[in-house]
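Next comes start24.tsv, a file with TSV, C-alpha atoms and all ligand atoms.
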```tsv
chain	number	residue	atom	x	y	z
A	4	MET	CA	-7.52	18.13	31.97
A	5	PRO	CA	-9.02	17.75	28.46
A	6	LEU	CA	-7.53	14.79	26.56
A	7	LEU	CA	-5.83	16.94	23.91
A	8	SER	CA	-3.88	19.10	26.41
A	9	ASP	CA	-2.99	15.92	28.28
A	10	LEU	CA	-1.58	14.40	25.07
A	11	PHE	CA	0.56	17.54	24.46
A	12	GLU	CA	1.66	17.56	28.11
A	13	HIS	CA	2.86	13.93	27.84
A	14	GLY	CA	4.71	14.56	24.56
A	15	LEU	CA	2.44	12.10	22.75
A	16	LEU	CA	1.29	14.79	20.31
A	17	VAL	CA	3.01	18.06	19.42
A	18	GLU	CA	1.08	21.30	19.00
A	19	THR	CA	1.40	23.27	15.73
A	20	GLY	CA	-1.08	26.07	16.46
A	21	ILE	CA	-3.63	24.64	13.99
A	22	HIS	CA	-6.57	22.51	15.10
A	23	GLY	CA	-6.29	18.96	13.76
A	24	VAL	CA	-2.65	19.24	12.65
A	25	TYR	CA	-0.26	17.68	15.17
A	26	GLY	CA	3.23	16.29	15.34
A	27	ARG	CA	3.66	12.84	16.86
A	28	GLY	CA	6.04	12.07	19.71
A	29	PRO	CA	8.11	8.85	19.90
A	30	GLU	CA	5.62	6.76	21.93
A	31	PHE	CA	2.64	7.76	19.80
A	32	GLU	CA	4.59	6.88	16.66
A	33	ARG	CA	5.80	3.58	18.08
A	34	VAL	CA	2.21	2.47	18.73
A	35	LEU	CA	1.04	3.76	15.32
A	36	LEU	CA	3.71	1.74	13.50
A	37	ALA	CA	3.03	-1.32	15.68
A	38	PHE	CA	-0.65	-1.15	14.77
A	39	ASP	CA	0.22	-0.75	11.11
A	40	ASP	CA	2.31	-3.95	11.32
A	41	LEU	CA	-0.58	-5.74	13.00
A	42	VAL	CA	-2.76	-4.81	10.00
A	43	THR	CA	-0.06	-6.14	7.66
A	44	ARG	CA	-0.14	-9.49	9.50
A	45	ALA	CA	-3.95	-9.58	9.50
A	46	ALA	CA	-4.12	-8.79	5.76
A	47	ALA	CA	-1.43	-11.29	4.72
A	48	ALA	CA	-3.99	-14.04	4.06
A	49	ASP	CA	-5.56	-11.84	1.33
A	50	GLU	CA	-2.18	-11.60	-0.41
A	51	PRO	CA	-2.86	-7.99	-1.37
A	52	GLU	CA	-0.84	-6.20	-4.02
A	53	THR	CA	1.14	-3.28	-2.58
A	54	LEU	CA	0.45	0.04	-4.33
A	55	ARG	CA	1.62	3.32	-2.85
A	56	PHE	CA	0.65	6.81	-3.98
A	57	PRO	CA	1.78	10.30	-2.91
A	58	PRO	CA	-0.37	12.47	-0.63
A	59	VAL	CA	-1.36	14.66	-3.60
A	60	VAL	CA	-3.68	13.61	-6.40
A	61	PRO	CA	-4.64	15.14	-9.77
A	62	ARG	CA	-7.67	17.35	-9.05
A	63	ARG	CA	-9.25	15.94	-12.19
A	64	GLN	CA	-9.29	12.48	-10.58
A	65	LEU	CA	-11.36	13.71	-7.63
A	66	GLU	CA	-13.71	15.55	-10.00
A	67	ASP	CA	-14.22	12.41	-12.14
A	68	ALA	CA	-14.88	10.30	-9.04
A	69	GLY	CA	-17.50	12.76	-7.77
A	70	PHE	CA	-15.55	13.86	-4.68
A	71	PHE	CA	-15.93	17.58	-5.50
A	72	ASN	CA	-19.70	17.15	-5.78
A	73	SER	CA	-20.17	15.01	-2.70
A	74	PHE	CA	-17.56	16.49	-0.32
A	75	PRO	CA	-16.55	20.00	-1.56
A	76	HIS	CA	-16.27	21.10	2.10
A	77	LEU	CA	-13.45	18.62	2.77
A	78	VAL	CA	-11.23	19.29	-0.26
A	79	GLY	CA	-7.80	20.88	0.01
A	80	THR	CA	-6.47	22.26	-3.28
A	81	VAL	CA	-2.79	23.03	-3.82
A	82	PHE	CA	-2.12	26.66	-4.81
A	83	ALA	CA	1.23	27.96	-6.03
A	84	LEU	CA	2.78	31.22	-7.14
A	85	GLN	CA	3.11	31.26	-10.91
A	86	GLY	CA	4.08	33.49	-13.84
A	87	ASP	CA	6.32	36.56	-14.00
A	88	GLU	CA	4.05	38.43	-11.62
A	89	LEU	CA	4.05	35.53	-9.17
A	90	HIS	CA	0.29	35.50	-8.72
A	91	GLU	CA	-1.23	32.70	-6.73
A	92	SER	CA	-3.35	30.21	-8.64
A	93	ALA	CA	-4.63	26.67	-8.26
A	94	THR	CA	-2.37	23.90	-9.54
A	95	GLU	CA	-3.57	20.62	-11.05
A	96	LEU	CA	-3.22	18.99	-7.63
A	97	ALA	CA	-5.44	18.41	-4.63
A	98	LEU	CA	-4.49	16.79	-1.33
A	99	LEU	CA	-5.37	13.11	-1.21
A	100	PRO	CA	-8.65	12.80	0.79
A	101	ALA	CA	-8.70	8.98	1.12
A	102	ALA	CA	-6.03	6.42	0.35
A	103	CYS	CA	-8.06	4.48	-2.22
A	104	TYR	CA	-8.84	7.17	-4.85
A	105	PRO	CA	-5.73	6.66	-7.02
A	106	VAL	CA	-6.16	2.86	-6.98
A	107	TYR	CA	-9.25	2.66	-9.24
A	108	PRO	CA	-7.86	4.45	-12.35
A	109	ALA	CA	-4.55	2.60	-11.92
A	110	ILE	CA	-6.24	-0.81	-11.95
A	111	ALA	CA	-8.65	0.23	-14.74
A	112	ALA	CA	-5.69	1.12	-16.97
A	113	ARG	CA	-4.55	-2.54	-16.90
A	114	GLY	CA	-7.65	-3.79	-18.72
A	115	PRO	CA	-10.16	-6.40	-17.46
A	116	LEU	CA	-9.57	-7.80	-13.96
A	117	PRO	CA	-8.04	-11.27	-13.52
A	118	ARG	CA	-10.50	-14.05	-12.66
A	119	ASP	CA	-10.39	-13.60	-8.85
A	120	GLY	CA	-10.34	-9.83	-9.05
A	121	VAL	CA	-7.71	-7.72	-7.33
A	122	THR	CA	-6.94	-6.78	-3.71
A	123	VAL	CA	-4.75	-3.74	-3.12
A	124	ASP	CA	-3.02	-2.56	0.06
A	125	THR	CA	-2.34	1.20	0.01
A	126	GLY	CA	-0.15	1.19	3.11
A	127	PRO	CA	-0.49	4.04	5.59
A	128	ALA	CA	-1.20	7.05	3.33
A	129	TYR	CA	-1.21	10.65	4.53
A	130	VAL	CA	-4.65	12.09	3.78
A	131	PHE	CA	-6.16	15.55	4.23
A	132	ARG	CA	-9.68	16.66	5.06
A	133	HIS	CA	-10.57	20.23	5.80
A	134	GLU	CA	-12.45	19.70	9.06
A	135	PRO	CA	-10.66	21.76	11.73
A	136	SER	CA	-11.77	20.83	15.26
A	137	ASP	CA	-10.36	20.73	18.77
A	138	ASP	CA	-11.63	17.16	19.18
A	139	PRO	CA	-8.35	15.19	19.34
A	140	GLY	CA	-9.97	12.47	17.20
A	141	ARG	CA	-10.83	14.85	14.35
A	142	LEU	CA	-7.69	15.65	12.40
A	143	GLN	CA	-7.12	17.50	9.15
A	144	SER	CA	-4.01	15.51	8.26
A	145	PHE	CA	-3.84	11.86	9.27
A	146	HIS	CA	-2.92	8.35	8.17
A	147	MET	CA	-5.39	6.02	6.54
A	148	ARG	CA	-4.45	2.42	5.70
A	149	GLU	CA	-6.78	1.01	3.12
A	150	LEU	CA	-7.39	-2.37	1.56
A	151	VAL	CA	-9.31	-2.20	-1.70
A	152	ARG	CA	-11.18	-5.09	-3.33
A	153	LEU	CA	-12.21	-5.11	-6.99
A	154	GLY	CA	-14.12	-8.03	-8.46
A	155	ALA	CA	-17.50	-9.69	-8.93
A	156	PRO	CA	-20.36	-8.14	-6.90
A	157	GLU	CA	-20.89	-11.05	-4.45
A	158	THR	CA	-17.14	-11.48	-3.90
A	159	VAL	CA	-16.69	-7.82	-3.11
A	160	GLN	CA	-19.67	-7.50	-0.78
A	161	SER	CA	-18.83	-10.61	1.22
A	162	TRP	CA	-15.19	-9.42	1.47
A	163	GLN	CA	-16.42	-6.11	2.93
A	164	ARG	CA	-18.57	-7.83	5.56
A	165	ALA	CA	-15.97	-10.46	6.43
A	166	TRP	CA	-13.41	-7.69	7.04
A	167	ARG	CA	-15.83	-5.77	9.24
A	168	ASP	CA	-16.02	-8.82	11.48
A	169	ARG	CA	-12.26	-9.54	11.33
A	170	ALA	CA	-11.41	-5.94	12.15
A	171	LEU	CA	-13.86	-5.90	15.06
A	172	GLU	CA	-12.16	-8.97	16.50
A	173	LEU	CA	-8.72	-7.45	15.91
A	174	LEU	CA	-9.64	-4.19	17.70
A	175	ARG	CA	-11.35	-5.98	20.58
A	176	GLY	CA	-8.19	-8.09	20.84
A	177	LEU	CA	-6.42	-4.82	21.72
A	178	GLY	CA	-8.78	-4.27	24.64
A	179	LEU	CA	-10.89	-1.62	22.88
A	180	GLU	CA	-14.61	-1.36	23.61
A	181	ALA	CA	-15.28	-1.50	19.88
A	182	GLU	CA	-18.73	-1.82	18.27
A	183	ALA	CA	-19.73	-2.15	14.61
A	184	ASP	CA	-22.58	-0.06	13.20
A	185	VAL	CA	-24.05	1.01	9.89
A	186	GLY	CA	-22.57	4.37	8.86
A	187	ALA	CA	-22.87	7.12	6.26
A	188	ASP	CA	-20.48	9.59	4.66
A	189	PRO	CA	-20.72	13.34	5.41
A	190	PHE	CA	-22.19	14.24	1.98
A	191	PHE	CA	-22.53	17.99	1.40
A	192	GLY	CA	-25.78	19.93	1.51
A	193	ARG	CA	-29.45	19.04	1.25
A	194	THR	CA	-29.12	16.38	-1.44
A	195	GLY	CA	-26.32	15.06	0.75
A	196	LYS	CA	-28.81	14.12	3.42
A	197	MET	CA	-30.70	11.99	0.88
A	198	LEU	CA	-27.50	10.34	-0.30
A	199	ALA	CA	-26.53	9.51	3.29
A	200	ASP	CA	-30.01	8.10	4.05
A	201	SER	CA	-29.87	5.91	0.96
A	202	GLN	CA	-26.34	4.71	1.82
A	203	ARG	CA	-27.54	3.81	5.32
A	204	GLY	CA	-30.72	2.14	4.03
A	205	GLN	CA	-28.71	-0.12	1.72
A	206	GLN	CA	-26.08	-0.80	4.41
A	207	LEU	CA	-23.28	0.21	2.04
A	208	LYS	CA	-21.05	1.55	4.83
A	209	PHE	CA	-20.14	0.04	8.18
A	210	GLU	CA	-17.98	1.64	10.82
A	211	ILE	CA	-16.26	0.38	13.92
A	212	LEU	CA	-16.63	2.86	16.75
A	213	ALA	CA	-14.42	3.09	19.81
A	214	PRO	CA	-14.42	5.71	22.58
A	215	ILE	CA	-12.05	8.69	22.28
A	216	GLU	CA	-13.83	11.88	23.52
A	217	GLY	CA	-17.04	10.10	22.55
A	218	PRO	CA	-17.73	7.07	20.31
A	219	THR	CA	-15.56	7.66	17.22
A	220	ALA	CA	-15.21	5.75	13.92
A	221	VAL	CA	-11.77	4.14	13.95
A	222	ALA	CA	-12.30	1.97	10.86
A	223	SER	CA	-14.75	2.03	7.92
A	224	PHE	CA	-15.93	-0.56	5.40
A	225	ASN	CA	-17.39	0.83	2.19
A	226	TYR	CA	-19.19	-1.01	-0.61
A	227	HIS	CA	-19.27	1.31	-3.66
A	228	GLN	CA	-21.15	-1.11	-5.96
A	229	GLU	CA	-20.39	0.08	-9.53
A	230	HIS	CA	-19.57	3.71	-8.61
A	231	PHE	CA	-15.81	3.57	-9.34
A	232	SER	CA	-15.92	0.80	-11.93
A	233	SER	CA	-18.41	2.73	-14.09
A	234	THR	CA	-16.38	5.94	-13.70
A	235	TYR	CA	-13.20	4.24	-14.89
A	236	GLY	CA	-14.57	1.31	-16.92
A	237	ILE	CA	-13.30	-1.52	-14.70
A	238	GLU	CA	-14.47	-4.83	-16.20
A	239	LEU	CA	-14.60	-8.44	-15.07
A	240	GLU	CA	-12.59	-11.07	-16.91
A	241	GLY	CA	-15.48	-12.43	-18.94
A	242	GLY	CA	-17.11	-9.00	-19.44
A	243	GLY	CA	-19.53	-7.10	-17.24
A	244	GLY	CA	-18.86	-4.32	-14.75
A	245	ALA	CA	-16.83	-4.99	-11.64
A	246	HIS	CA	-17.83	-3.83	-8.17
A	247	THR	CA	-15.47	-2.31	-5.61
A	248	ALA	CA	-15.20	-2.01	-1.83
A	249	CYS	CA	-12.59	-0.57	0.48
A	250	LEU	CA	-11.80	-0.61	4.15
A	251	GLY	CA	-9.88	2.08	5.95
A	252	PHE	CA	-8.21	2.11	9.34
A	253	GLY	CA	-7.70	5.58	10.84
A	254	HIS	CA	-4.31	5.09	12.47
A	255	GLU	CA	-4.23	8.17	14.68
A	256	ARG	CA	-7.76	7.46	15.95
A	257	ILE	CA	-6.78	3.90	16.82
A	258	VAL	CA	-3.74	5.07	18.80
A	259	LEU	CA	-5.91	7.69	20.55
A	260	ALA	CA	-8.53	5.06	21.43
A	261	LEU	CA	-5.78	2.82	22.84
A	262	LEU	CA	-4.37	5.70	24.92
A	263	ARG	CA	-7.84	6.56	26.16
A	264	GLN	CA	-8.49	2.90	27.06
A	265	HIS	CA	-5.16	1.87	28.58
A	266	GLY	CA	-3.71	5.18	29.78
A	267	LEU	CA	-1.10	7.61	28.52
A	268	ASP	CA	1.86	5.56	29.74
A	269	VAL	CA	2.38	2.84	27.11
A	270	ALA	CA	4.96	1.08	29.30
A	271	VAL	CA	2.23	0.00	31.75
A	272	TRP	CA	-0.39	-1.13	29.21
A	273	PRO	CA	-1.75	-4.68	29.79
A	274	ALA	CA	0.76	-7.37	28.79
A	275	GLU	CA	-1.71	-9.01	26.32
A	276	VAL	CA	-2.17	-5.73	24.45
A	277	ARG	CA	1.57	-5.06	24.29
A	278	SER	CA	2.20	-8.59	23.10
A	279	GLU	CA	-0.57	-8.42	20.47
A	280	LEU	CA	1.10	-5.26	19.13
A	281	ARG	CA	4.59	-6.75	19.64
A	282	LEU	CA	5.52	-3.58	21.57
A	301	LIG	P1	-13.94	7.44	5.79
A	301	LIG	O1	-13.34	7.39	4.42
A	301	LIG	O2	-14.57	8.76	6.10
A	301	LIG	O3	-14.81	6.29	6.11
A	301	LIG	O4	-12.68	7.36	6.77
A	301	LIG	C1	-11.92	6.19	6.95
A	301	LIG	C2	-11.34	6.21	8.34
A	301	LIG	O5	-10.46	7.34	8.47
A	301	LIG	C3	-12.37	6.42	9.45
A	301	LIG	O6	-12.90	5.18	9.87
A	301	LIG	C4	-11.53	7.04	10.55
A	301	LIG	O7	-10.88	6.06	11.28
A	301	LIG	C5	-10.51	7.85	9.78
A	301	LIG	N1	-10.89	9.28	9.74
A	301	LIG	C6	-11.85	9.86	8.97
A	301	LIG	N2	-11.89	11.19	9.19
A	301	LIG	C7	-10.96	11.46	10.12
A	301	LIG	C8	-10.52	12.64	10.78
A	301	LIG	N3	-11.04	13.85	10.51
A	301	LIG	N4	-9.53	12.54	11.70
A	301	LIG	C9	-8.96	11.35	11.97
A	301	LIG	N5	-9.33	10.20	11.39
A	301	LIG	C10	-10.32	10.24	10.48
A	302	ZN	ZN	-11.55	3.97	0.31
```

Target format structure tokens, applied to this file:
Amino acid sequence: MPLLSDLFEHGLLVETGIHGVYGRGPEFERVLLAFDDLVTRAAAADEPETLRFPPVVPRRQLEDAGFFNSFPHLVGTVFALQGDELHESATELALLPAACYPVYPAIAARGPLPRDGVTVDTGPAYVFRHEPSDDPGRLQSFHMRELVRLGAPETVQSWQRAWRDRALELLRGLGLEAEADVGADPFFGRTGKMLADSQRGQQLKFEILAPIEGPTAVASFNYHQEHFSSTYGIELEGGGGAHTACLGFGHERIVLALLRQHGLDVAVWPAEVRSELRL
């Protein structure tokens, strides 16, 4: 039986009739929350600042940050009925496509960064990407937990790479056959291919892949250099532009990889894995 039907059959996911939009049953949710707590414990040493944002974002913010240019195919815009005639038109809102977008303007508004920069924890944010698919690992609506680092260039880049290694260890500690690799974002169109090649060439993005239907990115580590800091004017304490990086765990993909690895009955997962997750 294909994995997706099996997940429905076992009550792990709940069908809605739309590809990539699923409800979560009690066992799936229990593992998702347990993994989220494991990330909280792993991130504690960074003493990140907690900042939470809603799953909608001003469309203007995504335009300013270049999301509409780079990923127009993934955007979801909120439409609403308006006026006396109740005609449908676009609102000022889009669905949040990655947890970190609202963080940059919020930190920029505070003025120059403190000496050691800033680390933010977005918590598990609901994000949307318009990529309907019957691959159980490719969702339209899913949770992304991000940590975001803003600071001096060397600090930020070494943070990104250190976290790639920490996260690999953390995921292997859950019995996943995880591997790190250089990655690239799905930039739109022909210029998109050039952008992706350049991103790969400069090793700006790493991903950790684990098997679901096939090898699937379950976590990503992005070094944006001055992209967001120049958009929003984020400065270092003594002057000069900051750099930024973020890492994102895809919670549903991680639960799916665990189910694929250890079986659909969480009660009989290996004791070490259950204990690591405090299940
Ligand atoms: P990205 O910003 O594209 O690097 O995504 C960050 C993380 O979100 C990835 O490493 C995945 O774990 C997860 N993710 C991205 N796209 C999807 C999707 N369509 N369905 C489920 N998880 C996703
Ligand atoms: Zn991000």

Axis-aligned box for all listed atoms of region 145-154 of chain A, 8 Å per side, centre and edges in Å to one decimal, as JSON:
```
{"center_x": -8.5, "center_y": 1.9, "center_z": 0.4, "size_x": 27.2, "size_y": 35.9, "size_z": 33.7}
```

With a distance cut-off of 9 Å and only C-alpha atoms, select the neighbouring residues of Ile237 (chain A), excluding the residue or stretch itself and same-chain residues fewer than 3 positions from it, and output the selection as a ChimeraX atom specification. /A:107-108,110-112,114-116,153,229,231-234,243-246

I need the residue nearest Pro117 (chain A) from this list: A:Phe191, A:His90, A:Gly154, A:Gln160. Use all atoms listed in the file for the distance.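 Selected residue with least distance to Pro117 (chain A): A:Gly154.
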
Environment of ligand LIG 301 (chain A) within 7 Å, counting all atoms listed in the file, reported as an mmCIF file with C-alpha atoms, in the frame of the given file:
```cif
data_model
loop_
_atom_site.group_PDB
_atom_site.id
_atom_site.type_symbol
_atom_site.label_atom_id
_atom_site.label_comp_id
_atom_site.auth_asym_id
_atom_site.auth_seq_id
_atom_site.Cartn_x
_atom_site.Cartn_y
_atom_site.Cartn_z
ATOM 1 C CA ALA A 101 -8.700 8.980 1.120
ATOM 2 C CA ARG A 132 -9.680 16.660 5.060
ATOM 3 C CA GLU A 134 -12.450 19.700 9.060
ATOM 4 C CA GLY A 140 -9.970 12.470 17.200
ATOM 5 C CA ARG A 141 -10.830 14.850 14.350
ATOM 6 C CA LEU A 142 -7.690 15.650 12.400
ATOM 7 C CA GLN A 143 -7.120 17.500 9.150
ATOM 8 C CA PHE A 145 -3.840 11.860 9.270
ATOM 9 C CA MET A 147 -5.390 6.020 6.540
ATOM 10 C CA ASP A 188 -20.480 9.590 4.660
ATOM 11 C CA GLU A 210 -17.980 1.640 10.820
ATOM 12 C CA ALA A 220 -15.210 5.750 13.920
ATOM 13 C CA VAL A 221 -11.770 4.140 13.950
ATOM 14 C CA ALA A 222 -12.300 1.970 10.860
ATOM 15 C CA SER A 223 -14.750 2.030 7.920
ATOM 16 C CA PHE A 224 -15.930 -0.560 5.400
ATOM 17 C CA GLY A 251 -9.880 2.080 5.950
ATOM 18 C CA PHE A 252 -8.210 2.110 9.340
ATOM 19 C CA GLY A 253 -7.700 5.580 10.840
ATOM 20 C CA HIS A 254 -4.310 5.090 12.470
ATOM 21 C CA GLU A 255 -4.230 8.170 14.680
ATOM 22 C CA ARG A 256 -7.760 7.460 15.950
#
```

Enumerate as an mmCIF file with C-alpha atoms, keeping the file's coordinate frame the residues within 7 Å of ligand ZN 302 (chain A), counting all atoms listed in the file.
```
data_model
loop_
_atom_site.group_PDB
_atom_site.id
_atom_site.type_symbol
_atom_site.label_atom_id
_atom_site.label_comp_id
_atom_site.auth_asym_id
_atom_site.auth_seq_id
_atom_site.Cartn_x
_atom_site.Cartn_y
_atom_site.Cartn_z
ATOM 1 C CA ALA A 101 -8.700 8.980 1.120
ATOM 2 C CA ALA A 102 -6.030 6.420 0.350
ATOM 3 C CA CYS A 103 -8.060 4.480 -2.220
ATOM 4 C CA TYR A 104 -8.840 7.170 -4.850
ATOM 5 C CA GLU A 149 -6.780 1.010 3.120
ATOM 6 C CA VAL A 151 -9.310 -2.200 -1.700
ATOM 7 C CA ASN A 225 -17.390 0.830 2.190
ATOM 8 C CA CYS A 249 -12.590 -0.570 0.480
ATOM 9 C CA LEU A 250 -11.800 -0.610 4.150
ATOM 10 C CA GLY A 251 -9.880 2.080 5.950
#
```

Give as an MDAnalysis selection string every residue, naming chains and numbers as the document does, that has an atom within 12 Å of (-5.3, 17.9, 28.4), counting all atoms listed in the file. chainID A and resid 4:16 18 137:139 216 263 267

Requested write-out: C-alpha atoms of the selected residues, as a PDB file, in the coordinates of the input:
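Dumped to out_33.pdb:
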```pdb
ATOM      1  CA  MET A   4      -7.520  18.130  31.970  1.00  0.00           C
ATOM      2  CA  PRO A   5      -9.020  17.750  28.460  1.00  0.00           C
ATOM      3  CA  LEU A   6      -7.530  14.790  26.560  1.00  0.00           C
ATOM      4  CA  LEU A   7      -5.830  16.940  23.910  1.00  0.00           C
ATOM      5  CA  SER A   8      -3.880  19.100  26.410  1.00  0.00           C
ATOM      6  CA  ASP A   9      -2.990  15.920  28.280  1.00  0.00           C
ATOM      7  CA  LEU A  10      -1.580  14.400  25.070  1.00  0.00           C
ATOM      8  CA  PHE A  11       0.560  17.540  24.460  1.00  0.00           C
ATOM      9  CA  GLU A  12       1.660  17.560  28.110  1.00  0.00           C
ATOM     10  CA  HIS A  13       2.860  13.930  27.840  1.00  0.00           C
ATOM     11  CA  GLY A  14       4.710  14.560  24.560  1.00  0.00           C
ATOM     12  CA  LEU A  15       2.440  12.100  22.750  1.00  0.00           C
ATOM     13  CA  LEU A  16       1.290  14.790  20.310  1.00  0.00           C
ATOM     14  CA  GLU A  18       1.080  21.300  19.000  1.00  0.00           C
ATOM     15  CA  ASP A 137     -10.360  20.730  18.770  1.00  0.00           C
ATOM     16  CA  ASP A 138     -11.630  17.160  19.180  1.00  0.00           C
ATOM     17  CA  PRO A 139      -8.350  15.190  19.340  1.00  0.00           C
ATOM     18  CA  GLU A 216     -13.830  11.880  23.520  1.00  0.00           C
ATOM     19  CA  ARG A 263      -7.840   6.560  26.160  1.00  0.00           C
ATOM     20  CA  LEU A 267      -1.100   7.610  28.520  1.00  0.00           C
TER      21      LEU A 267
END
```

Of A:Ala213, A:Phe131, A:Ala170, A:Ala248, the one nearest to Gln228 (chain A) when counting only C-alpha atoms is A:Ala248

Of the listed residues A:Val258, A:Val78, A:Ile215, A:Leu207, that which approaches His230 (chain A) most closely, counting all atoms listed in the file: A:Leu207

Near region 49-54 of chain A, 9 Å: region 115-142 of chain A residue rows, closest pairs, only C-alpha atoms, as JSON lines:
```
{"residue": "A:Val121", "atom": "CA", "partner": "A:Pro51", "partner_atom": "CA", "distance": 7.7}
{"residue": "A:Thr122", "atom": "CA", "partner": "A:Pro51", "partner_atom": "CA", "distance": 4.9}
{"residue": "A:Val123", "atom": "CA", "partner": "A:Glu52", "partner_atom": "CA", "distance": 4.7}
{"residue": "A:Asp124", "atom": "CA", "partner": "A:Thr53", "partner_atom": "CA", "distance": 5.0}
{"residue": "A:Thr125", "atom": "CA", "partner": "A:Leu54", "partner_atom": "CA", "distance": 5.3}
{"residue": "A:Gly126", "atom": "CA", "partner": "A:Thr53", "partner_atom": "CA", "distance": 7.3}
```

For region 135-141 of chain A of the block above, can you save all heavy atoms as a CSV table (one decimal), in the first residue's frame?
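Produced file part26.csv, reproduced below:
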```csv
chain,number,residue,atom,x,y,z
A,135,PRO,N,0.9,21.5,-4.6
A,135,PRO,CA,0.1,20.3,-4.4
A,135,PRO,C,0.8,19.1,-5.0
A,135,PRO,O,1.4,19.1,-6.1
A,135,PRO,CB,-1.2,20.6,-5.2
A,135,PRO,CG,-0.9,21.8,-6.0
A,135,PRO,CD,0.2,22.5,-5.4
A,136,SER,N,0.7,18.0,-4.2
A,136,SER,CA,1.4,16.8,-4.7
A,136,SER,C,0.8,15.6,-3.8
A,136,SER,O,0.4,15.8,-2.7
A,136,SER,CB,2.9,16.9,-4.4
A,136,SER,OG,3.5,15.6,-4.4
A,137,ASP,N,0.9,14.4,-4.4
A,137,ASP,CA,0.4,13.3,-3.6
A,137,ASP,C,1.6,12.6,-2.9
A,137,ASP,O,1.4,11.5,-2.3
A,137,ASP,CB,-0.4,12.3,-4.4
A,137,ASP,CG,0.4,11.8,-5.6
A,137,ASP,OD1,1.6,12.1,-5.8
A,137,ASP,OD2,-0.3,11.1,-6.5
A,138,ASP,N,2.8,13.2,-3.0
A,138,ASP,CA,3.9,12.7,-2.2
A,138,ASP,C,3.6,13.1,-0.7
A,138,ASP,O,3.4,14.3,-0.4
A,138,ASP,CB,5.2,13.4,-2.7
A,138,ASP,CG,6.4,13.1,-1.8
A,138,ASP,OD1,6.2,12.6,-0.7
A,138,ASP,OD2,7.5,13.4,-2.3
A,139,PRO,N,3.5,12.1,0.2
A,139,PRO,CA,3.2,12.5,1.6
A,139,PRO,C,4.1,13.5,2.2
A,139,PRO,O,3.8,14.2,3.2
A,139,PRO,CB,3.2,11.2,2.3
A,139,PRO,CG,4.0,10.2,1.5
A,139,PRO,CD,3.8,10.7,0.1
A,140,GLY,N,5.4,13.6,1.7
A,140,GLY,CA,6.3,14.5,2.2
A,140,GLY,C,6.2,15.9,1.6
A,140,GLY,O,7.0,16.8,2.1
A,141,ARG,N,5.4,16.1,0.7
A,141,ARG,CA,5.2,17.4,0.1
A,141,ARG,C,3.9,18.0,0.4
A,141,ARG,O,2.9,17.6,-0.2
A,141,ARG,CB,5.5,17.4,-1.5
A,141,ARG,CG,5.5,18.8,-2.1
A,141,ARG,CD,6.1,18.7,-3.5
A,141,ARG,NE,7.5,18.3,-3.5
A,141,ARG,CZ,8.6,19.0,-3.1
A,141,ARG,NH1,8.4,20.3,-2.8
A,141,ARG,NH2,9.8,18.6,-3.2
```
